[in-house]
Amino acid sequence: MHYTQTESRYFYFHCRAAALVLQDLGLNTATRVHVHNAIRMATLNAVGKNGIRLASKDAFAQLERVVEGPKTNGLIREHVVPVSVIARYVESAWASGTTCAWRELKQSLHQDDFDNWEVIDSDAFQDSAAPFSAFIAAHVRDNSLLAWVTARDNARLRDSKLGKSMPESMPGNPRARYIACGIDLVDI
């Protein structure tokens, strides 16, 4: 997988945009749409254009059938952790006034992220408060995982009421929706 500087920069701007909307306009029905859209775009840039690492078994079989390279016609690019779940977490953190030091985010962010936010590698700076946009970036990076699924797989998720939510029975497991629906995910 090749992650480009452009994707890194767009990721930064989408996270900043979500935070700016929250900071400048607050959270309401109108602004929620913009926050969710910025987070969706951040998730896509977080993994990069070629960052889909998983597929359902049926989708993987379709990908394997093409000799000259993966053919994705008819397959659906699915967020393993739904964007709505990621966005609700961000909204909840914003509402509760969550703050983090740069040091707390270090494990989740890439070097490009630190470069984009112009983070200085000193103890004093690492212990200073990171902007909420960096918190968003860390959460998005931690939860951005894409998979190819078939229309049938997608229908199973929807029919199980897990199209935009995670089952409560398996907290912390990003593949919980698929496990609950009996959909096996494989590495591509």
# chains A, B, ... in the order shown; residues from 1 in each chain; ligands from 1

$ residues_around --residues "Lys164 in chain A" --least-positions-apart "4" --cutoff "12 Å" --atoms "only C-alpha atoms" --output "list in words"
Glu78, His79, Val80, Val81, Pro82, Val83, Ser84, Val85, Ile86, Ala87, Arg88, Asn154, Leu157, Arg158, Asp159, Ser160 and Arg177 of chain A

$ closest_residue --among "A:Phe60, A:Phe125, A:Trp148, A:Tyr178" --to "Leu162 in chain A" --atoms "only C-alpha atoms"
A:Tyr178

$ atom_distance --atom1 "CA of Ala42 in chain A" --atom2 "CA of Cys15 in chain A"
6.3 Å

$ residues_around --residues "Leu20 in chain A" --least-positions-apart "6" --cutoff "10 Å" --atoms "only C-alpha atoms" --output "PyMOL selection string"
chain A and resi 14+26+35+132-133

$ residues_around --residues "Asp112 in chain A" --least-positions-apart "5" --cutoff "12 Å" --atoms "only C-alpha atoms" --output "PyMOL selection string"
chain A and resi 3-12+46+106+117-119+137

$ write_last_selection --atoms "C-alpha atoms" --output "PDB file, in the first residue's frame"
ATOM      1  CA  TYR A   3       0.110   6.358   1.151  1.00  0.00           C
ATOM      2  CA  THR A   4       0.670   9.674  -0.603  1.00  0.00           C
ATOM      3  CA  GLN A   5       1.548  13.116   0.731  1.00  0.00           C
ATOM      4  CA  THR A   6      -1.655  14.405  -0.848  1.00  0.00           C
ATOM      5  CA  GLU A   7      -3.750  11.853   1.064  1.00  0.00           C
ATOM      6  CA  SER A   8      -1.912  12.811   4.248  1.00  0.00           C
ATOM      7  CA  ARG A   9      -2.581  16.498   3.700  1.00  0.00           C
ATOM      8  CA  TYR A  10      -6.255  15.954   2.834  1.00  0.00           C
ATOM      9  CA  PHE A  11      -6.616  13.779   5.943  1.00  0.00           C
ATOM     10  CA  TYR A  12      -5.265  16.680   8.003  1.00  0.00           C
ATOM     11  CA  ALA A  46      -6.537   7.819   6.395  1.00  0.00           C
ATOM     12  CA  LYS A 106       1.477   9.548  19.526  1.00  0.00           C
ATOM     13  CA  TRP A 117       0.279  19.822  12.773  1.00  0.00           C
ATOM     14  CA  GLU A 118       3.870  21.052  13.100  1.00  0.00           C
ATOM     15  CA  VAL A 119       4.449  19.139  16.322  1.00  0.00           C
ATOM     16  CA  ALA A 137      -7.315  12.345  13.597  1.00  0.00           C
TER      17      ALA A 137
END

$ residues_around --residues "Asp187 in chain A" --least-positions-apart "3" --cutoff "8 Å" --atoms "only C-alpha atoms" --output "list in words"
Arg53, Leu54 and Ala55 of chain A

$ decode --residues "range 53-64 of chain A" --atoms "N, CA and C atoms" --output "PDB file, in the first residue's frame"
ATOM      1  N   ARG A  53      -7.919  -3.364   2.939  1.00  0.00           N
ATOM      2  CA  ARG A  53      -7.106  -4.505   3.343  1.00  0.00           C
ATOM      3  C   ARG A  53      -7.898  -5.773   3.607  1.00  0.00           C
ATOM      4  N   LEU A  54      -9.231  -5.682   3.627  1.00  0.00           N
ATOM      5  CA  LEU A  54     -10.058  -6.832   3.967  1.00  0.00           C
ATOM      6  C   LEU A  54     -11.142  -7.040   2.920  1.00  0.00           C
ATOM      7  N   ALA A  55     -11.677  -8.254   2.916  1.00  0.00           N
ATOM      8  CA  ALA A  55     -12.823  -8.567   2.070  1.00  0.00           C
ATOM      9  C   ALA A  55     -13.589  -9.708   2.717  1.00  0.00           C
ATOM     10  N   SER A  56     -14.891  -9.725   2.480  1.00  0.00           N
ATOM     11  CA  SER A  56     -15.644 -10.899   2.907  1.00  0.00           C
ATOM     12  C   SER A  56     -15.168 -12.064   2.042  1.00  0.00           C
ATOM     13  N   LYS A  57     -15.402 -13.286   2.496  1.00  0.00           N
ATOM     14  CA  LYS A  57     -14.945 -14.441   1.704  1.00  0.00           C
ATOM     15  C   LYS A  57     -15.539 -14.431   0.304  1.00  0.00           C
ATOM     16  N   ASP A  58     -16.827 -14.091   0.197  1.00  0.00           N
ATOM     17  CA  ASP A  58     -17.464 -14.057  -1.122  1.00  0.00           C
ATOM     18  C   ASP A  58     -16.883 -12.950  -1.998  1.00  0.00           C
ATOM     19  N   ALA A  59     -16.629 -11.799  -1.415  1.00  0.00           N
ATOM     20  CA  ALA A  59     -16.028 -10.697  -2.168  1.00  0.00           C
ATOM     21  C   ALA A  59     -14.605 -11.059  -2.582  1.00  0.00           C
ATOM     22  N   PHE A  60     -13.871 -11.704  -1.693  1.00  0.00           N
ATOM     23  CA  PHE A  60     -12.505 -12.112  -2.000  1.00  0.00           C
ATOM     24  C   PHE A  60     -12.484 -13.099  -3.165  1.00  0.00           C
ATOM     25  N   ALA A  61     -13.438 -14.015  -3.188  1.00  0.00           N
ATOM     26  CA  ALA A  61     -13.520 -14.973  -4.301  1.00  0.00           C
ATOM     27  C   ALA A  61     -13.744 -14.241  -5.613  1.00  0.00           C
ATOM     28  N   GLN A  62     -14.528 -13.193  -5.598  1.00  0.00           N
ATOM     29  CA  GLN A  62     -14.748 -12.405  -6.810  1.00  0.00           C
ATOM     30  C   GLN A  62     -13.482 -11.656  -7.202  1.00  0.00           C
ATOM     31  N   LEU A  63     -12.754 -11.129  -6.221  1.00  0.00           N
ATOM     32  CA  LEU A  63     -11.505 -10.438  -6.509  1.00  0.00           C
ATOM     33  C   LEU A  63     -10.480 -11.384  -7.116  1.00  0.00           C
ATOM     34  N   GLU A  64     -10.439 -12.628  -6.645  1.00  0.00           N
ATOM     35  CA  GLU A  64      -9.461 -13.612  -7.119  1.00  0.00           C
ATOM     36  C   GLU A  64      -9.723 -14.082  -8.540  1.00  0.00           C
TER      37      GLU A  64
END
